[in-house]
Structures are given as structure tokens and as C-alpha cells.
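Engineer: I have a structure here, written as C-alpha cells, and I will follow up with some questions on it.
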Amino acid sequence: MALDQQRLITAALYNRLHAEAFQQSWAACLKLDGRVHTIEVDVHALSPTPEQAIFSRDMCEALDKELAYNGSWVVQWVKPMPVGNLLCNPPEYSQVNFLWLDEDGDVQFTIEAEHNIITLLSSGKIHWMDQCNQGWEAWKKQMRDVLDPTEGETYKAALGEKPKSQRG
């Protein structure tokens with residue numbers, strides 16, 4: 001069953017994105033209704049450079065097309081670099097995160113890549129898709145094959161469910 005796109009943008013996702021950015025500026029790309037959208041933490045957030053925006057949109061599109069696994073991917077920019085000479089060195093983010101959301105909209109894991117945009121682009125889309133696929137395979141092996149949770153041992157935070165220990 002594929003992720004219901006109405007469940008994609010939730011308080012749980014927003015809080016996770018904010019935590020991944022250590023409560024600093026961030027921007028993220030996600031796919032809704034067949035289109036890739038960019039969201040930013042607030043109006044004062046640093047916008048991705050044009051190259052970062054293209055990279056994140058292309059990656060989001062490709063990951064959701066080829067490796068969704070009934071969920072969805074969010075591509076997030078974090079860690080704004082200190083501003084130097086704006087003419088020679090415009091401000092940009094120094095890390096990209098690839099977050100995979102399961103079919104309920106819960107973020108299950110994050111792949112972090114702290115590289116400049118030139119390194120990200122020169123590595124190629126296939127390289128980063130392979131990294132994300134390896135991350136998903138490791139998550140699946142650990143969380144589904146090794147732990148093999150039974151009904152009631154997991155909960156759907158994105159849908160507002162609480163852990164069993166906190167249910168009243």
C-alpha cells in the first residue's frame with residue numbers, strides 16, 4: 001500500500017526535519033500530487049542555491065519513482081555555511097539528508113551526506129540512489145527481518161498514535 005500523500009506533511013515530519021537541522025535553518029523537497037515541492041522552515045530560512053535546488057528536486061523525483069517502497073523520500077538541506085564574500089561565495093547549505101518515510105508517513109531513517117554541491121553532482125544521481133537503496137536494505141533487514149515486530153510492538157507516530165506504554 002502506497003503512502004497517502006495527505007499524510008505526508010505532518011507535525012511529526014516537521015519536528016523531525018527541525019531536529020535533523022539541529023533547530024537551525026533548513027529546506028526540504030518532497031513530492032505531493034505528482035509534483036516536487038520545496039518547503040523551508042520559515043521566511044527567513046536560507047534558500048538552497050539553484051544547483052542545490054535542482055539536485056534535490058531531481059533526487060526526490062528519482063527516489064520516489066524508483067525506490068519508494070510504498071513510502072516516500074524527503075530530500076533536506078541543513079547546516080548553513082558561514083557567509084563569506086557574497087559575490088564570490090554565496091551562502092549555501094553544507095549537508096543534504098535523504099529521509100525515507102514509510103507508508104504511514106513515519107520517518108524511518110536518514111542518510112546524511114556532508115559534501116559541497118560540486119561533490120554531490122559529480123558523484124551522480126545513481127551513486128546517491130544506490131546509497132539510499134543500501135540504507136533502505138539495511139533498515140529492512142534490521143527492522144523487518146531481524147526484529148520482526150508483532151502487532152502492538154510498533155506505533156504510527158505520524159498518525160498520532162502513542163507508544164503502548166503511553167496509551168491510557
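By order of appearance in the C-alpha cells: chains A, B, ..., then residues from 1 within every chain, and ligands from 1 in the order shown.
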Could you give me the residues within chain A that DSSP places in helix (DSSP H, G or I), as a ChimeraX atom specification?
Structural biologist: /A:5-7,11-20,50-66,117-123,125-146,157-159,164-166
Engineer: List every residue of region 19-120 of chain A that has an atom at most 9 Å from any atom of region 130-145 of chain A, giving for each one its closest atom pair and the distance in Å to one decimal, counting only C-alpha atoms, sorted by chain and then by ascending residue number, as a Markdown table.
Structural biologist:
```
| residue | atom | partner | partner_atom | distance |
| --- | --- | --- | --- | --- |
| A:Leu63 | CA | A:Cys132 | CA | 8.2 |
| A:Leu67 | CA | A:Asn133 | CA | 7.0 |
| A:Tyr69 | CA | A:Trp136 | CA | 8.8 |
| A:Phe98 | CA | A:Cys132 | CA | 7.2 |
| A:Leu99 | CA | A:Cys132 | CA | 8.8 |
| A:Trp100 | CA | A:Trp136 | CA | 7.9 |
| A:Gln108 | CA | A:Trp139 | CA | 7.9 |
| A:Phe109 | CA | A:Trp139 | CA | 7.4 |
| A:Thr110 | CA | A:Gly135 | CA | 8.1 |
| A:Ile111 | CA | A:Cys132 | CA | 6.7 |
```
Engineer: Keeping only C-alpha atoms, take the residues you just selected and write them out as a PDB file, in the first residue's frame.
Structural biologist:
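Below is the file part20.pdb, written as the result:
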```pdb
ATOM      1  CA  LEU A  63      13.866   8.260  -5.437  1.00  0.00           C
ATOM      2  CA  LEU A  67      12.822   3.412  -4.696  1.00  0.00           C
ATOM      3  CA  TYR A  69       8.991   1.053  -1.301  1.00  0.00           C
ATOM      4  CA  PHE A  98      17.705  11.765   2.450  1.00  0.00           C
ATOM      5  CA  LEU A  99      14.818  10.744   4.734  1.00  0.00           C
ATOM      6  CA  TRP A 100      12.615   7.745   3.977  1.00  0.00           C
ATOM      7  CA  GLN A 108      12.265   5.516   9.498  1.00  0.00           C
ATOM      8  CA  PHE A 109      15.867   6.531   8.759  1.00  0.00           C
ATOM      9  CA  THR A 110      18.081   9.306   7.415  1.00  0.00           C
ATOM     10  CA  ILE A 111      21.063   9.125   5.075  1.00  0.00           C
TER      11      ILE A 111
END
```
Engineer: Of the candidates A:Gly71, A:Pro80, A:Arg35, A:Glu51, which one gets nearest to Gln23 (chain A) if we count only C-alpha atoms?
Structural biologist: A:Pro80
Engineer: CA of Trp77 (chain A) and CA of Glu20 (chain A), how far apart in Å?
Structural biologist: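 Between CA of Glu20 (chain A) and CA of Trp77 (chain A) the gap is 9.6 Å.
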Engineer: If you count only C-alpha atoms, which residues fall within 7 Å of Gln52 (chain A), apart from same-chain ones fewer than 4 positions away, as a list of chain:residue names?
Structural biologist: A:Pro48, A:Ser56, A:Ile117
Engineer: Kindly export the residues of the current selection with N, CA and C atoms, as a compact mmCIF listing (two decimals), in the first residue's frame.
Structural biologist:
```
# COMPACT_ATOMS: atom_id res chain seq x y z
N PRO A 48 17.98 27.09 -0.80
CA PRO A 48 19.05 26.35 -1.49
C PRO A 48 19.53 27.13 -2.70
N SER A 56 18.20 18.52 -5.42
CA SER A 56 17.20 17.95 -4.51
C SER A 56 15.90 17.60 -5.24
N ILE A 117 28.08 21.00 -3.09
CA ILE A 117 27.22 20.64 -4.22
C ILE A 117 28.02 20.09 -5.39
```
Engineer: By how many Å are CA of Ser72 (chain A) and CA of Ala19 (chain A) apart?
Structural biologist: 19.0 Å
Engineer: Out of chain A, which residues get strand (DSSP E or B) from DSSP, as a VMD selection string?
Structural biologist: chain A and resid 27 to 32 35 to 40 72 to 80 93 to 101 107 to 113
Engineer: Using the selection just defined, write its residues with N, CA and C atoms as a compact mmCIF listing (two decimals), in the first residue's frame.
Structural biologist:
```txt
# COMPACT_ATOMS: atom_id res chain seq x y z
N ALA A 27 15.80 23.52 4.48
CA ALA A 27 14.85 23.49 3.36
C ALA A 27 14.74 22.04 2.93
N ALA A 28 13.57 21.66 2.41
CA ALA A 28 13.36 20.27 2.03
C ALA A 28 12.50 20.18 0.78
N CYS A 29 12.74 19.13 0.01
CA CYS A 29 11.93 18.81 -1.17
C CYS A 29 11.16 17.53 -0.89
N LEU A 30 9.90 17.52 -1.28
CA LEU A 30 9.08 16.33 -1.18
C LEU A 30 8.07 16.34 -2.30
N LYS A 31 7.56 15.16 -2.60
CA LYS A 31 6.65 15.03 -3.74
C LYS A 31 5.21 14.91 -3.23
N LEU A 32 4.36 15.78 -3.75
CA LEU A 32 2.93 15.76 -3.44
C LEU A 32 2.14 15.87 -4.72
N ARG A 35 3.93 16.25 -8.03
CA ARG A 35 4.86 17.36 -8.24
C ARG A 35 5.79 17.46 -7.05
N VAL A 36 7.03 17.87 -7.31
CA VAL A 36 8.01 18.08 -6.25
C VAL A 36 7.87 19.51 -5.74
N HIS A 37 7.79 19.65 -4.42
CA HIS A 37 7.65 20.96 -3.78
C HIS A 37 8.82 21.19 -2.84
N THR A 38 9.21 22.45 -2.69
CA THR A 38 10.23 22.83 -1.72
C THR A 38 9.55 23.54 -0.57
N ILE A 39 9.90 23.14 0.65
CA ILE A 39 9.41 23.83 1.84
C ILE A 39 10.61 24.31 2.63
N GLU A 40 10.45 25.44 3.30
CA GLU A 40 11.52 25.99 4.12
C GLU A 40 10.99 26.20 5.52
N SER A 72 7.79 7.26 0.82
CA SER A 72 8.19 8.46 0.08
C SER A 72 9.52 8.96 0.64
N TRP A 73 10.23 9.72 -0.17
CA TRP A 73 11.51 10.29 0.23
C TRP A 73 11.40 11.80 0.37
N VAL A 74 12.10 12.34 1.34
CA VAL A 74 12.26 13.78 1.51
C VAL A 74 13.75 14.07 1.40
N VAL A 75 14.10 15.08 0.62
CA VAL A 75 15.49 15.49 0.48
C VAL A 75 15.61 16.84 1.18
N GLN A 76 16.45 16.89 2.21
CA GLN A 76 16.54 18.07 3.07
C GLN A 76 17.95 18.66 3.06
N TRP A 77 18.02 19.98 3.02
CA TRP A 77 19.29 20.71 3.14
C TRP A 77 19.41 21.25 4.55
N VAL A 78 20.57 21.03 5.18
CA VAL A 78 20.83 21.51 6.54
C VAL A 78 22.25 22.06 6.63
N LYS A 79 22.59 22.58 7.78
CA LYS A 79 23.92 23.12 8.10
C LYS A 79 24.31 24.26 7.17
N PRO A 80 23.68 25.43 7.36
CA PRO A 80 24.09 26.58 6.56
C PRO A 80 25.55 26.90 6.80
N TYR A 93 23.91 25.58 1.89
CA TYR A 93 23.90 24.51 2.88
C TYR A 93 25.08 23.58 2.63
N SER A 94 25.58 22.95 3.71
CA SER A 94 26.75 22.08 3.56
C SER A 94 26.42 20.60 3.72
N GLN A 95 25.15 20.27 3.95
CA GLN A 95 24.78 18.85 4.11
C GLN A 95 23.40 18.60 3.50
N VAL A 96 23.28 17.46 2.85
CA VAL A 96 21.99 17.01 2.35
C VAL A 96 21.61 15.74 3.10
N ASN A 97 20.33 15.64 3.46
CA ASN A 97 19.79 14.45 4.12
C ASN A 97 18.74 13.83 3.21
N PHE A 98 18.74 12.51 3.16
CA PHE A 98 17.71 11.76 2.45
C PHE A 98 16.92 11.02 3.52
N LEU A 99 15.65 11.37 3.71
CA LEU A 99 14.82 10.74 4.73
C LEU A 99 13.78 9.87 4.06
N TRP A 100 13.63 8.63 4.52
CA TRP A 100 12.61 7.75 3.98
C TRP A 100 11.45 7.65 4.95
N LEU A 101 10.25 7.90 4.43
CA LEU A 101 9.02 7.79 5.21
C LEU A 101 8.30 6.52 4.80
N VAL A 107 9.03 8.85 9.54
CA VAL A 107 10.42 8.80 9.08
C VAL A 107 11.08 7.60 9.76
N GLN A 108 11.64 6.72 8.96
CA GLN A 108 12.27 5.52 9.50
C GLN A 108 13.79 5.63 9.60
N PHE A 109 14.42 6.35 8.69
CA PHE A 109 15.87 6.53 8.76
C PHE A 109 16.28 7.71 7.90
N THR A 110 17.51 8.18 8.15
CA THR A 110 18.08 9.31 7.41
C THR A 110 19.46 8.92 6.90
N ILE A 111 19.72 9.24 5.65
CA ILE A 111 21.06 9.13 5.07
C ILE A 111 21.61 10.55 5.04
N GLU A 112 22.77 10.78 5.64
CA GLU A 112 23.38 12.11 5.67
C GLU A 112 24.59 12.15 4.75
N ALA A 113 24.73 13.25 4.01
CA ALA A 113 25.89 13.43 3.13
C ALA A 113 26.39 14.87 3.30
```
Engineer: Would you compute the distance between CA of Glu114 (chain A) and CA of Ala21 (chain A)? Give it in Å to one decimal.
Structural biologist: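 Those two atoms sit 12.4 Å apart.
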